[in-house]
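A.B. asks: Following this line is input13.csv, made up of CSV, C-alpha atoms:
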```csv
chain,number,residue,atom,x,y,z
L,1,MET,CA,-18.8,-16.6,-5.5
L,2,ASN,CA,-20.9,-16.0,-8.6
L,3,SER,CA,-20.1,-13.9,-11.6
L,4,SER,CA,-21.9,-10.7,-10.3
L,5,GLU,CA,-20.0,-7.8,-8.9
L,6,LYS,CA,-17.8,-8.7,-5.9
L,7,ILE,CA,-16.7,-6.7,-2.9
L,8,ILE,CA,-13.0,-7.3,-2.7
L,9,LEU,CA,-10.9,-6.1,0.2
L,10,LEU,CA,-7.1,-5.6,-0.1
L,11,ILE,CA,-5.7,-5.0,3.3
L,12,GLY,CA,-2.3,-4.9,5.0
L,13,ASP,CA,0.6,-2.8,6.1
L,14,SER,CA,3.0,-0.3,4.6
L,15,PHE,CA,3.9,-2.6,1.7
L,16,GLY,CA,0.7,-1.4,0.0
L,17,ILE,CA,1.1,2.4,0.1
L,18,LYS,CA,3.2,5.2,-1.3
L,19,ARG,CA,6.9,5.0,-0.2
L,20,VAL,CA,9.2,7.9,0.4
L,21,TYR,CA,12.7,7.7,1.8
L,22,GLN,CA,14.6,10.9,2.7
L,23,GLY,CA,12.7,12.9,0.1
L,24,ASP,CA,12.9,10.2,-2.6
L,25,CYS,CA,9.4,9.0,-3.6
L,26,TYR,CA,10.3,5.7,-5.0
L,27,VAL,CA,6.8,4.3,-5.2
L,28,SER,CA,3.9,6.7,-5.9
L,29,ALA,CA,0.4,6.2,-4.5
L,30,GLU,CA,-0.8,5.2,-8.0
L,31,GLY,CA,2.1,2.8,-8.4
L,32,ALA,CA,1.5,0.9,-5.2
L,33,TRP,CA,0.4,-2.7,-6.0
L,34,PRO,CA,-3.1,-2.4,-4.5
L,35,GLU,CA,-3.9,0.6,-6.7
L,36,GLN,CA,-2.6,-1.3,-9.8
L,37,VAL,CA,-4.9,-4.2,-8.9
L,38,LYS,CA,-7.9,-1.9,-8.5
L,39,ARG,CA,-7.5,-0.5,-12.0
L,40,GLN,CA,-7.6,-4.0,-13.5
L,41,PHE,CA,-11.1,-4.8,-12.2
L,42,PRO,CA,-13.4,-1.9,-12.9
L,43,ASN,CA,-16.5,-4.1,-12.7
L,44,HIS,CA,-15.9,-5.1,-9.1
L,45,LYS,CA,-15.8,-3.0,-6.0
L,46,ILE,CA,-12.3,-3.2,-4.6
L,47,ILE,CA,-11.4,-1.5,-1.3
L,48,SER,CA,-7.8,-0.8,-0.4
L,49,ASP,CA,-6.9,-0.4,3.2
L,50,PHE,CA,-3.1,-0.3,4.0
L,51,ARG,CA,-1.3,1.5,6.8
L,52,SER,CA,2.2,1.7,8.3
L,53,TYR,CA,2.8,-0.5,11.4
L,54,ARG,CA,-0.4,-2.5,10.9
L,55,ARG,CA,-0.1,-5.9,12.3
L,56,PHE,CA,-1.5,-9.2,11.0
L,57,VAL,CA,-3.2,-9.8,14.4
L,58,GLU,CA,-5.2,-6.6,14.1
L,59,ILE,CA,-6.8,-7.3,10.7
L,60,PRO,CA,-9.5,-9.9,11.7
L,61,GLN,CA,-11.3,-7.5,14.0
L,62,MET,CA,-11.0,-4.8,11.3
L,63,ILE,CA,-12.7,-7.1,8.8
L,64,THR,CA,-15.5,-7.9,11.3
L,65,GLU,CA,-16.2,-4.3,12.2
L,66,LYS,CA,-15.4,-2.3,9.0
L,67,TYR,CA,-15.9,-4.8,6.2
L,68,PRO,CA,-18.5,-7.4,7.1
L,69,ASP,CA,-19.9,-7.6,3.6
L,70,CYS,CA,-16.7,-8.2,1.7
L,71,ASP,CA,-16.7,-11.4,-0.5
L,72,LEU,CA,-13.0,-11.9,-1.0
L,73,VAL,CA,-10.1,-10.6,1.1
L,74,ILE,CA,-6.4,-10.5,0.3
L,75,VAL,CA,-4.2,-9.9,3.3
L,76,HIS,CA,-0.6,-8.8,3.1
L,77,ALA,CA,0.8,-8.3,6.6
L,78,GLY,CA,3.0,-9.9,9.2
L,79,ILE,CA,6.4,-8.4,9.0
L,80,VAL,CA,5.3,-5.9,11.6
L,81,ASP,CA,4.3,-8.7,13.9
L,82,CYS,CA,7.3,-11.0,13.7
L,83,PHE,CA,10.2,-8.6,12.9
L,84,PRO,CA,12.7,-8.5,15.8
L,85,ARG,CA,12.2,-5.1,17.3
L,86,PRO,CA,14.8,-3.0,19.3
L,87,LEU,CA,12.0,-0.9,20.8
L,88,SER,CA,8.4,-1.5,21.9
L,89,SER,CA,5.4,-0.5,19.8
L,90,ASP,CA,4.6,2.4,22.1
L,91,VAL,CA,8.1,3.9,22.0
L,92,THR,CA,8.4,3.4,18.2
L,93,ARG,CA,5.2,5.2,17.5
L,94,SER,CA,5.4,7.9,20.2
L,95,PRO,CA,5.8,11.6,19.1
L,96,LYS,CA,7.6,12.5,22.4
L,97,LYS,CA,11.0,14.1,21.9
L,98,ILE,CA,12.8,11.7,24.3
L,99,TYR,CA,11.6,8.7,22.3
L,100,SER,CA,12.6,10.4,19.1
L,101,TRP,CA,16.1,10.8,20.5
L,102,LEU,CA,16.1,7.2,21.6
L,103,ARG,CA,15.1,6.0,18.1
L,104,ARG,CA,17.9,8.0,16.5
L,105,LEU,CA,20.4,6.4,19.0
L,106,VAL,CA,19.1,2.9,18.3
L,107,ARG,CA,19.5,3.4,14.6
L,108,LYS,CA,23.2,4.0,15.0
L,109,MET,CA,23.8,0.9,17.0
L,110,ARG,CA,20.9,-1.3,16.0
L,111,ARG,CA,22.7,-4.6,15.8
L,112,PHE,CA,24.3,-4.2,19.2
L,113,TRP,CA,21.1,-3.0,20.7
L,114,ILE,CA,19.1,-6.0,19.4
L,115,ASN,CA,21.8,-8.5,20.5
L,116,TYR,CA,22.4,-7.2,24.0
L,117,ILE,CA,19.7,-4.7,25.1
L,118,TYR,CA,16.3,-5.3,23.7
L,119,ASN,CA,14.9,-7.7,21.1
L,120,LYS,CA,11.2,-8.5,21.1
L,121,ALA,CA,8.6,-9.0,18.3
L,122,TRP,CA,5.5,-6.9,18.6
L,123,SER,CA,3.3,-10.0,18.3
L,124,SER,CA,4.0,-13.3,20.1
L,125,ALA,CA,3.6,-16.7,18.6
L,126,GLU,CA,0.5,-17.1,20.7
L,127,ASP,CA,-0.9,-13.8,19.3
L,128,ILE,CA,-0.3,-14.9,15.7
L,129,GLU,CA,-1.9,-18.3,16.5
L,130,ASN,CA,-5.0,-16.7,18.0
L,131,ALA,CA,-5.3,-14.4,14.9
L,132,CYS,CA,-5.0,-17.5,12.6
L,133,ASN,CA,-8.0,-19.0,14.4
L,134,GLN,CA,-9.9,-15.8,13.8
L,135,TYR,CA,-9.1,-15.9,10.1
L,136,VAL,CA,-10.4,-19.4,10.0
L,137,GLU,CA,-13.8,-18.2,11.4
L,138,LEU,CA,-13.9,-15.3,9.0
L,139,GLY,CA,-13.1,-17.6,6.1
L,140,LYS,CA,-16.3,-19.6,6.7
L,141,CYS,CA,-18.3,-16.8,5.1
L,142,ARG,CA,-15.9,-15.3,2.6
L,143,GLN,CA,-12.9,-16.2,0.5
L,144,ILE,CA,-9.6,-15.2,2.2
L,145,ALA,CA,-6.2,-15.3,0.5
L,146,LEU,CA,-2.9,-14.6,2.4
L,147,ILE,CA,0.3,-13.2,0.9
L,148,THR,CA,3.5,-14.4,2.5
L,149,PRO,CA,6.1,-11.8,3.6
L,150,VAL,CA,8.9,-10.4,1.5
L,151,PRO,CA,12.4,-11.7,2.5
L,152,MET,CA,14.9,-9.1,3.8
L,153,PRO,CA,18.1,-8.1,2.0
L,154,LEU,CA,21.5,-8.9,3.3
L,155,THR,CA,22.0,-5.4,4.9
L,156,GLU,CA,18.9,-5.8,7.0
L,157,TYR,CA,19.9,-9.4,7.9
L,158,ILE,CA,23.1,-8.1,9.2
L,159,ASN,CA,21.6,-5.1,11.1
L,160,THR,CA,18.7,-7.1,12.6
L,161,PRO,CA,19.9,-10.5,13.8
L,162,GLY,CA,17.2,-13.2,13.5
L,163,VAL,CA,15.0,-11.3,11.0
L,164,GLN,CA,15.2,-13.8,8.2
L,165,GLU,CA,14.6,-16.7,10.5
L,166,SER,CA,11.6,-15.0,12.0
L,167,LEU,CA,10.1,-14.4,8.5
L,168,ILE,CA,10.6,-18.0,7.5
L,169,VAL,CA,8.8,-19.2,10.7
L,170,TYR,CA,6.0,-16.9,9.9
L,171,ALA,CA,5.7,-17.9,6.2
L,172,ASN,CA,5.7,-21.5,7.2
L,173,ARG,CA,2.8,-20.8,9.6
L,174,LEU,CA,0.8,-19.3,6.8
L,175,ARG,CA,1.6,-22.3,4.6
L,176,ALA,CA,0.4,-24.6,7.3
L,177,LEU,CA,-2.8,-22.5,7.8
L,178,SER,CA,-3.5,-22.7,4.1
L,179,LYS,CA,-3.1,-26.4,4.0
L,180,GLU,CA,-5.1,-27.1,7.1
L,181,HIS,CA,-8.0,-24.8,6.4
L,182,GLN,CA,-8.0,-24.4,2.6
L,183,PHE,CA,-7.0,-20.8,2.6
L,184,ASP,CA,-5.6,-19.6,-0.7
L,185,LEU,CA,-1.9,-18.6,-0.5
L,186,ILE,CA,0.0,-16.2,-2.7
L,187,ASP,CA,3.4,-17.5,-1.7
L,188,ILE,CA,5.7,-14.6,-2.8
L,189,HIS,CA,8.2,-15.5,-0.1
L,190,LYS,CA,8.9,-18.9,-1.7
L,191,GLU,CA,9.3,-17.4,-5.1
L,192,LEU,CA,11.5,-14.5,-4.0
L,193,ILE,CA,13.8,-16.4,-1.7
L,194,ALA,CA,14.6,-18.7,-4.7
L,195,SER,CA,15.6,-15.8,-6.9
L,196,ASP,CA,17.7,-12.7,-7.0
L,197,PHE,CA,15.0,-10.8,-5.1
L,198,SER,CA,17.2,-7.7,-4.4
L,199,LYS,CA,16.1,-6.2,-7.7
L,200,TYR,CA,12.6,-5.9,-6.3
L,201,LEU,CA,13.6,-4.1,-3.0
L,202,TYR,CA,14.5,-0.5,-2.4
L,203,PRO,CA,18.0,-0.8,-0.9
L,204,HIS,CA,17.7,1.7,1.9
L,205,ASP,CA,14.1,1.0,3.1
L,206,MET,CA,13.5,-2.8,3.1
L,207,HIS,CA,10.3,-2.3,1.1
L,208,LEU,CA,9.3,-3.2,-2.5
L,209,ASN,CA,10.5,-0.7,-5.1
L,210,GLN,CA,8.4,0.1,-8.1
L,211,LEU,CA,9.5,-3.0,-9.9
L,212,GLY,CA,8.6,-5.1,-6.9
L,213,ASN,CA,5.2,-3.4,-6.6
L,214,ASP,CA,4.6,-4.1,-10.3
L,215,TRP,CA,5.6,-7.8,-9.8
L,216,LEU,CA,3.3,-8.2,-6.7
L,217,ALA,CA,0.5,-6.5,-8.5
L,218,GLN,CA,0.7,-9.0,-11.3
L,219,GLN,CA,0.6,-11.9,-8.8
L,220,ALA,CA,-2.5,-10.6,-7.2
L,221,ILE,CA,-4.1,-9.8,-10.6
L,222,ASP,CA,-3.4,-13.3,-11.9
L,223,TYR,CA,-4.9,-14.8,-8.7
L,224,LEU,CA,-8.1,-12.7,-8.9
L,225,LYS,CA,-8.6,-13.4,-12.6
L,226,ALA,CA,-8.3,-17.1,-11.9
L,227,LYS,CA,-10.6,-16.9,-8.9
L,228,LEU,CA,-13.3,-14.8,-10.6
L,229,GLN,CA,-13.2,-16.9,-13.7
L,230,SER,CA,-13.5,-20.1,-11.8
L,231,ALA,CA,-16.5,-18.6,-9.9
L,232,SER,CA,-18.3,-17.8,-13.2
L,233,SER,CA,-17.4,-21.2,-14.6
L,234,PRO,CA,-17.5,-23.6,-11.6
L,235,ASN,CA,-16.9,-26.6,-13.8
L,236,ASP,CA,-13.9,-25.3,-15.5
L,237,GLN,CA,-11.0,-27.5,-14.3
L,238,SER,CA,-8.4,-25.2,-15.9
L,239,GLN,CA,-8.5,-23.1,-12.7
L,240,SER,CA,-7.3,-26.0,-10.5
L,241,LYS,CA,-4.0,-24.2,-9.8
L,242,VAL,CA,-6.0,-21.9,-7.4
L,243,ALA,CA,-6.7,-23.5,-4.1
L,244,ALA,CA,-10.4,-24.4,-3.4
L,245,GLY,CA,-10.9,-21.9,-0.6
L,246,PHE,CA,-14.0,-21.6,1.6
L,247,THR,CA,-17.5,-21.5,0.3
L,248,LEU,CA,-19.2,-18.2,0.7
L,249,CYS,CA,-22.3,-18.0,2.9
```
Before we go any further, please render this structure as structure tokens.

C.D. replies:
Amino acid sequence: MNSSEKIILLIGDSFGIKRVYQGDCYVSAEGAWPEQVKRQFPNHKIISDFRSYRRFVEIPQMITEKYPDCDLVIVHAGIVDCFPRPLSSDVTRSPKKIYSWLRRLVRKMRRFWINYIYNKAWSSAEDIENACNQYVELGKCRQIALITPVPMPLTEYINTPGVQESLIVYANRLRALSKEHQFDLIDIHKELIASDFSKYLYPHDMHLNQLGNDWLAQQAIDYLKAKLQSASSPNDQSQSKVAAGFTLC
């Protein structure tokens, strides 16, 4: 990267959008972490693309088809992929009344259902590995940074057996990918799991509350400031805390 205007893509799942739970808007659209990041860098083109139920494995193709000219990408996704699910993706997303009734039933007996009836992540280990290979190819012509997942609170750990273990396995895979291929890693999972992270989560919705969005926004802002500064001053060794990353084509 050089010091001229960059095209920066922030992309991921529902952790980057407005959050409403039973009529309570606990994170506004303007308060979501990607929007906070965009306001901090008026001299760079920053694109924000977040959507509910988006999977980590879907994003490489999106980058290739929709954002081929982006210089730097920050990806925050993966919980949708590795979360132990009581229903398939089609059933979860379907507007049909029978599936709506089934979803309500499952919510009342989630732990039992996952333990004894159905428990399958939406993306397999092979799916995630294939996606990681695609990120490696994409990273040859742009800088890619991955954000590790947010750990789940105790209530979700109880209701969804295996969720915390699945997130740890996924976070470790991202760490290995970063080490093997020089991806930058914003490892919020490591920082949060070592602290009282419940203050950053909305208690009824498993997502970041406003304080959590503020905190994540600052992590991303600090990363981008360091990355852009090191790009404009390539000999400045003070930015060594940021991983080297791939060289842009």

A.B. asks: How many Å lie between CA of Tyr170 (chain L) and CA of Arg142 (chain L), rounded to one decimal?

C.D. replies: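 Here the two named atoms are 23.1 Å from each other.
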
A.B. asks: Give me, as a PyMOL selection string, all polymer residues having an atom no more than 12 Å from Glu156 (chain L), counting all atoms listed in the file and skipping those fewer than 3 positions away in the same chain.

C.D. replies: chain L and resi 83-84+107+110-111+151-153+159-164+198+201-207

A.B. asks: Grab the CA of Ile79 (chain L) to CA of Ile47 (chain L) distance for me, in Å with one decimal place.

C.D. replies: 21.7 Å

A.B. asks: One number please: CA of Ile193 (chain L) to CA of Val75 (chain L), in Å, one decimal.

C.D. replies: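 It comes out at 19.8 Å.
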
A.B. asks: Considering only C-alpha atoms, give me a table of residues in region 96-181 of chain L that are at most 10 Å from region 12-16 of chain L, with the closest atom pair and distance in Å for each, as JSON lines.

C.D. replies:
```
{"residue": "L:Ile147", "atom": "CA", "partner": "L:Gly12", "partner_atom": "CA", "distance": 9.6}
{"residue": "L:Pro149", "atom": "CA", "partner": "L:Phe15", "partner_atom": "CA", "distance": 9.6}
{"residue": "L:Val150", "atom": "CA", "partner": "L:Phe15", "partner_atom": "CA", "distance": 9.3}
```

A.B. asks: Of the candidates L:Pro68, L:Ile186, L:Ala125, L:Pro95, which shows the shortest atom-to-atom distance to Ala220 (chain L), using only C-alpha atoms?

C.D. replies: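 The shortest atom-to-atom distance to Ala220 (chain L) comes from L:Ile186.
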
A.B. asks: What's around Ser124 (chain L) at 12 Å? Count all atoms listed in the file, leave out sequence neighbours fewer than 2 positions away in its own chain, and write the answer as a list of chain:residue names.

C.D. replies: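 Here the answer would be L:Arg55, L:Phe56, L:Val57, L:Gly78, L:Val80, L:Asp81, L:Cys82, L:Phe83, L:Pro84, L:Arg85, L:Lys120, L:Ala121, L:Trp122, L:Glu126, L:Asp127, L:Ile128, L:Glu129, L:Asn130, L:Ala131, L:Ser166, L:Tyr170.
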